[in-house]
Amino acid sequence: MEQKTLSELTDRELLLEAKKRKLAVITNAILIGFLAGVIFYSVMKNSLGFLTLIPLFFIYKLANNSKYNSQEVENLLKERGLK
């Protein structure tokens, strides 16, 4: 399946993409918080080690995991008068 640019999306597809982005942001925030808790527990229980770096890598991947820039989606919604 070919990837569409934001300007090629229909109004309905754009609204669905905005909903997905909102849900993805909430999910990522929960996972990042959980992983930060794992890091904190690991540092308090043991010390800073290699296993502490693994959750940091996952936090980095979650933070940079966006298909579209959320600001672009919001600007396009305002431009089309959908939100």
# chains A, B, ... in the order shown; residues from 1 in each chain; ligands from 1
>>> residues_around(residues="range 54-70 of chain A", least_positions_apart="4", cutoff="10 Å", atoms="only C-alpha atoms", output="JSON, numbers by chain")
{"A": [3, 5, 6, 17, 18, 21, 22, 24, 25, 27, 28, 29, 31, 32, 33, 34, 35, 36, 37, 38, 39, 49, 50, 74, 75, 76]}
>>> select_by_dssp(residues="chain A", states="alpha helix (DSSP H)", output="MDAnalysis selection string")
chainID A and resid 11:45 50:63 70:80
>>> atom_distance(atom1="CA of Thr10 in chain A", atom2="CA of Leu23 in chain A")
20.0 Å
>>> atom_distance(atom1="CA of Ile26 in chain A", atom2="CA of Ser7 in chain A")
24.8 Å
>>> decode(residues="range 56-83 of chain A", atoms="N, CA, C and O atoms", output="mmCIF file, in the first residue's frame")
data_model
loop_
_atom_site.group_PDB
_atom_site.id
_atom_site.type_symbol
_atom_site.label_atom_id
_atom_site.label_comp_id
_atom_site.auth_asym_id
_atom_site.auth_seq_id
_atom_site.Cartn_x
_atom_site.Cartn_y
_atom_site.Cartn_z
ATOM 1 N N LEU A 56 15.996 2.914 28.115
ATOM 2 C CA LEU A 56 16.294 4.213 27.513
ATOM 3 C C LEU A 56 16.203 4.148 25.989
ATOM 4 O O LEU A 56 15.717 5.077 25.343
ATOM 5 N N PHE A 57 16.664 3.042 25.427
ATOM 6 C CA PHE A 57 16.574 2.859 23.984
ATOM 7 C C PHE A 57 15.107 2.801 23.536
ATOM 8 O O PHE A 57 14.729 3.422 22.552
ATOM 9 N N PHE A 58 14.281 2.079 24.296
ATOM 10 C CA PHE A 58 12.860 1.992 23.948
ATOM 11 C C PHE A 58 12.156 3.338 24.101
ATOM 12 O O PHE A 58 11.273 3.674 23.324
ATOM 13 N N ILE A 59 12.544 4.106 25.112
ATOM 14 C CA ILE A 59 11.974 5.446 25.272
ATOM 15 C C ILE A 59 12.319 6.307 24.064
ATOM 16 O O ILE A 59 11.468 7.026 23.533
ATOM 17 N N TYR A 60 13.553 6.230 23.610
ATOM 18 C CA TYR A 60 13.977 6.979 22.423
ATOM 19 C C TYR A 60 13.163 6.570 21.197
ATOM 20 O O TYR A 60 12.694 7.419 20.438
ATOM 21 N N LYS A 61 12.978 5.286 21.001
ATOM 22 C CA LYS A 61 12.208 4.796 19.856
ATOM 23 C C LYS A 61 10.752 5.245 19.928
ATOM 24 O O LYS A 61 10.156 5.603 18.921
ATOM 25 N N LEU A 62 10.159 5.220 21.119
ATOM 26 C CA LEU A 62 8.769 5.649 21.272
ATOM 27 C C LEU A 62 8.623 7.141 21.024
ATOM 28 O O LEU A 62 7.640 7.590 20.446
ATOM 29 N N ALA A 63 9.580 7.915 21.469
ATOM 30 C CA ALA A 63 9.504 9.367 21.314
ATOM 31 C C ALA A 63 9.655 9.783 19.852
ATOM 32 O O ALA A 63 9.099 10.798 19.433
ATOM 33 N N ASN A 64 10.370 9.005 19.065
ATOM 34 C CA ASN A 64 10.592 9.349 17.662
ATOM 35 C C ASN A 64 9.733 8.535 16.705
ATOM 36 O O ASN A 64 10.006 8.489 15.515
ATOM 37 N N ASN A 65 8.687 7.931 17.201
ATOM 38 C CA ASN A 65 7.856 7.046 16.395
ATOM 39 C C ASN A 65 6.597 7.767 15.916
ATOM 40 O O ASN A 65 5.507 7.508 16.379
ATOM 41 N N SER A 66 6.754 8.667 14.975
ATOM 42 C CA SER A 66 5.569 9.349 14.453
ATOM 43 C C SER A 66 5.589 9.296 12.932
ATOM 44 O O SER A 66 6.592 9.591 12.307
ATOM 45 N N LYS A 67 4.472 8.889 12.373
ATOM 46 C CA LYS A 67 4.365 8.805 10.926
ATOM 47 C C LYS A 67 4.233 10.206 10.329
ATOM 48 O O LYS A 67 4.856 10.530 9.331
ATOM 49 N N TYR A 68 3.410 11.017 10.918
ATOM 50 C CA TYR A 68 3.218 12.390 10.494
ATOM 51 C C TYR A 68 3.512 13.311 11.666
ATOM 52 O O TYR A 68 3.290 12.950 12.815
ATOM 53 N N ASN A 69 3.964 14.481 11.363
ATOM 54 C CA ASN A 69 4.186 15.481 12.401
ATOM 55 C C ASN A 69 2.822 15.951 12.904
ATOM 56 O O ASN A 69 1.966 16.337 12.123
ATOM 57 N N SER A 70 2.615 15.912 14.205
ATOM 58 C CA SER A 70 1.302 16.259 14.762
ATOM 59 C C SER A 70 0.950 17.716 14.501
ATOM 60 O O SER A 70 -0.217 18.059 14.337
ATOM 61 N N GLN A 71 1.958 18.579 14.448
ATOM 62 C CA GLN A 71 1.696 19.992 14.163
ATOM 63 C C GLN A 71 1.172 20.158 12.735
ATOM 64 O O GLN A 71 0.277 20.976 12.490
ATOM 65 N N GLU A 72 1.688 19.387 11.800
ATOM 66 C CA GLU A 72 1.200 19.439 10.418
ATOM 67 C C GLU A 72 -0.256 18.994 10.345
ATOM 68 O O GLU A 72 -1.047 19.587 9.610
ATOM 69 N N VAL A 73 -0.605 17.960 11.091
ATOM 70 C CA VAL A 73 -1.986 17.465 11.094
ATOM 71 C C VAL A 73 -2.913 18.537 11.643
ATOM 72 O O VAL A 73 -3.973 18.814 11.071
ATOM 73 N N GLU A 74 -2.518 19.164 12.757
ATOM 74 C CA GLU A 74 -3.353 20.211 13.357
ATOM 75 C C GLU A 74 -3.515 21.404 12.422
ATOM 76 O O GLU A 74 -4.603 21.958 12.287
ATOM 77 N N ASN A 75 -2.435 21.816 11.761
ATOM 78 C CA ASN A 75 -2.513 22.948 10.830
ATOM 79 C C ASN A 75 -3.430 22.637 9.654
ATOM 80 O O ASN A 75 -4.207 23.489 9.219
ATOM 81 N N LEU A 76 -3.357 21.413 9.144
ATOM 82 C CA LEU A 76 -4.201 21.026 8.018
ATOM 83 C C LEU A 76 -5.667 20.944 8.438
ATOM 84 O O LEU A 76 -6.555 21.320 7.671
ATOM 85 N N LEU A 77 -5.927 20.493 9.655
ATOM 86 C CA LEU A 77 -7.306 20.457 10.161
ATOM 87 C C LEU A 77 -7.869 21.864 10.274
ATOM 88 O O LEU A 77 -9.028 22.126 9.894
ATOM 89 N N LYS A 78 -7.078 22.793 10.791
ATOM 90 C CA LYS A 78 -7.533 24.184 10.907
ATOM 91 C C LYS A 78 -7.741 24.822 9.529
ATOM 92 O O LYS A 78 -8.684 25.567 9.313
ATOM 93 N N GLU A 79 -6.833 24.489 8.604
ATOM 94 C CA GLU A 79 -6.930 25.045 7.255
ATOM 95 C C GLU A 79 -8.197 24.591 6.563
ATOM 96 O O GLU A 79 -8.838 25.370 5.842
ATOM 97 N N ARG A 80 -8.571 23.349 6.772
ATOM 98 C CA ARG A 80 -9.793 22.826 6.147
ATOM 99 C C ARG A 80 -11.048 23.142 6.957
ATOM 100 O O ARG A 80 -12.155 22.866 6.531
ATOM 101 N N GLY A 81 -10.878 23.677 8.161
ATOM 102 C CA GLY A 81 -12.016 24.031 9.004
ATOM 103 C C GLY A 81 -12.704 22.822 9.605
ATOM 104 O O GLY A 81 -13.918 22.822 9.805
ATOM 105 N N LEU A 82 -11.944 21.786 9.920
ATOM 106 C CA LEU A 82 -12.532 20.566 10.451
ATOM 107 C C LEU A 82 -12.528 20.513 11.969
ATOM 108 O O LEU A 82 -13.247 19.736 12.565
ATOM 109 N N LYS A 83 -11.748 21.350 12.590
ATOM 110 C CA LYS A 83 -11.680 21.286 14.052
ATOM 111 C C LYS A 83 -11.836 22.642 14.653
ATOM 112 O O LYS A 83 -11.421 23.633 14.228
#
